[in-house]
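K.L.:
Sharing a structure with you now.
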Amino acid sequence: MTEPVIRLDGVWKIFGTRAGEAMQAIAQDGLTKAQVLEEFGCVVGIADCSFDVPRGEIFCVMGLSGSGKSTMVRHINRLIEPTSGRIEVLGRDVLALGEGELRKLRAAQIGMVFQHMALFPHRTVRDNVAFPLQVQGEPKSTRWEVSQRCLSLVNLDGYEDRFPSELSGGMQQRVGLARALASDPEILLMDEPFSALDPLIRRQLQEQFMALSAELNKTTVFITHDLDEAIRIGSRIAIMKDGRIVQIGTPEEIVTNPIDDYVRDFVEGISTLKLIFAHTVMERIESYRPRPGEDLSRAPRAPHDIDLSGLIDISTTTDQPIVIAEGGRDVGVIDKATLLKGIKGGDN
C-alpha cells in the first residue's frame with residue numbers, strides 16, 4: 001500500500017491564550033467543548049482529527065457552519081498552527097518545516113481555492129493566473145505559456161486580457177481554479193469554492209472540476225456544507241460536528257449506514273438511486289432460491305457496480321430477477337422485492 005499524500009493524526013486546535021492549559025485538561029479530564037470555553041475561555045476549533053487521503057482522491061469534508069471544516073483544511077498547509085497532533089504532506093512532517101520550506105511547499109505543491117477568489121482587480125486574467133509563477137521568479141514567457149494552458153483547461157480561451165470586473169462570478173471562480181493549477185501542484189485545497197454561485201453554474205463547475213481532477217490526477221480536499229455536492233464529487237466524505245470528525249465513508253456508506261442521529265439528519269431525503277449499487281443489496285447466488293416460474297438462465301445480467309437507477313430500468317423490461325455478475329461469473333441475484341427494499345433503505 002502506498003503512503004498517503006495527506007495524513008492528519010490526532011490534530012487539535014484550541015483558540016485562546018490558555019490553549020496549553022485547556023489541552024492538558026482535555027487530556028487528563030476529558031473536558032467537552034463547552035467546558036473548555038467555560039473554564040479556560042478557549043474555543044475548540046478542531047478536536048482529535050485523523051484521516052488519510054490517498055493520491056488522486058477527492059476527499060470531501062462537510063458540516064454545519066462552525067463545525068470546524070475550514071479550520072481543519074487550513075492546517076494542511078499550516079495557515080493555522082495546530083495545538084497538538086501530527087500533519088504529513090507528501091511524506092513530510094509539515095510541522096517540522098522552516099519558513100522557507102513551508103513557503104516552497106505552499107507555492108509549488110499545494111494549490112488553494114477559496115469561496116471568494118480575491119483576484120487582483122488591476123491585473124488581467126492572464127496575469128492573475130500567472131501570479132504564482134511570478135512569485136517563484138519564472139520568466140514572463142513561461143508565465144504566459146502556463147497561464148494560457150491553464151485557462152484553456154477551464155474553458156476561458158479568449159478572456160486572457162479581460163479584467164476580473166468584466167467576468168461573471170462563475171468565470172471568476174474558473175480563473176481562481178486556473179491560478180491554483182498554474183504551479184501544477186500535487187494537492188488542491190478547496191474551501192467552498194462554488195457555494196456562492198447559482199445552481200446551474202455551480203453544477204457546471206462541479207462537472208468541470210471532476211473532469212480536471214481525473215485528467216490531472218490531483219489529490220483534493222474539498223470543503224462544502226452541501227451534502228448533494230459532497231456526494232456528487234467526493235470519493236469519500238468526512239462529516240464534522242463541533243470540531244470532531246463524526247464519520248468517514250464513501251457516499252454509499254454515509255447514506256446507507258449513518259453512524260448517529262446527526263449524520264442521519266444530514267442524509268435524510270437524499271435519493272439513493274445513484275448511490276446504492278447492486279453488490280450492496282443483492283442476495284448471494286448460492287443462497288438464492290428461485291420462485292415458481294423464475295428461470296435464472298433466461299434472466300438479464302447486470303454488473304455488480306450498477307446503481308439502483310440502472311437496476312430499475314432493467315427491472316421494467318422483465319418479469320425475471322436480475323443476475324449480478326462480477327469478473328465474468330454470476331455472484332448474486334436481485335428480484336423485485338430485493339430491489340424495492342434497496343430503494344426504501346433503512347432495514348436493508
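Labels for the C-alpha cells follow display order: chains A, B, ..., residues from 1 in each chain, ligands from 1.
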In region 43-257 of chain A, what's helix (DSSP H, G or I) per DSSP? Answer as an NGL selection string?
P.N.:
:A and (69-76 or 94-96 or 99-108 or 125-135 or 140-153 or 164-166 or 169-181 or 199-216 or 227-233 or 251-256)
K.L.:
Write out as a PyMOL selection string which residues come within 6 Å of region 224-233 of chain A when counting only C-alpha atoms, dropping same-chain ones fewer than 2 positions away.
P.N.:
chain A and resi 60+62-63+192+251
K.L.:
So that I have them on file, write out the residues from the current selection with N, CA and C atoms, as a short mmCIF file (atom, residue, chain, number, x, y, z; two decimals), in the first residue's frame.
P.N.:
data_model
loop_
_atom_site.label_atom_id
_atom_site.label_comp_id
_atom_site.auth_asym_id
_atom_site.auth_seq_id
_atom_site.Cartn_x
_atom_site.Cartn_y
_atom_site.Cartn_z
N CYS A 60 -14.02 14.87 0.51
CA CYS A 60 -14.91 15.96 0.88
C CYS A 60 -15.08 16.03 2.39
N MET A 62 -17.50 17.96 5.17
CA MET A 62 -18.71 18.77 5.26
C MET A 62 -19.22 18.82 6.70
N GLY A 63 -20.06 19.81 6.94
CA GLY A 63 -20.64 20.01 8.25
C GLY A 63 -21.35 21.34 8.29
N GLU A 192 -15.12 25.58 -0.03
CA GLU A 192 -16.43 26.01 -0.53
C GLU A 192 -16.30 26.89 -1.77
N PRO A 251 -19.80 7.88 -0.29
CA PRO A 251 -21.19 8.39 -0.28
C PRO A 251 -22.20 7.29 0.01
#
K.L.:
Return the single residue from A:Ser70, A:Thr256, A:Thr83, A:Ser50 that is closest to Glu21 (chain A), with distances computed using only C-alpha atoms.
P.N.:
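Under the stated criterion, the closest residue is A:Thr83.
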K.L.:
Please, what distance in Å, to one decimal, runs between CA of Ile276 (chain A) and CA of Glu57 (chain A)?
P.N.:
19.7 Å
K.L.:
Quick check for you: according to DSSP on this backbone, which residues of region 102-288 of chain A are classed as strand (DSSP E)? Reply as JSON, numbers by chain.
P.N.:
{"A": [110, 111, 112, 113, 114, 187, 188, 189, 190, 191, 219, 220, 221, 222, 223, 224, 236, 237, 238, 239, 240, 241, 244, 245, 246, 247, 248, 249, 283, 284]}
K.L.:
Which residues, written as a VMD selection string, have at least one atom at most 6 Å from Val61 (chain A), with only C-alpha atoms counted and residues fewer than 5 positions away on the same chain left out?
P.N.:
chain A and resid 223 237 to 239
K.L.:
If you keep N, CA and C atoms, can you produce a file of those selected residues as a compact mmCIF listing (two decimals), in the first residue's frame?
P.N.:
# COMPACT_ATOMS: atom_id res chain seq x y z
N ILE A 223 -13.93 21.28 0.77
CA ILE A 223 -14.81 21.67 1.87
C ILE A 223 -16.15 22.14 1.32
N ILE A 237 -16.34 10.95 2.08
CA ILE A 237 -16.87 12.13 2.76
C ILE A 237 -16.56 12.01 4.25
N ALA A 238 -16.09 13.11 4.84
CA ALA A 238 -15.96 13.21 6.30
C ALA A 238 -16.98 14.22 6.79
N ILE A 239 -17.77 13.84 7.77
CA ILE A 239 -18.77 14.74 8.33
C ILE A 239 -18.30 15.20 9.70
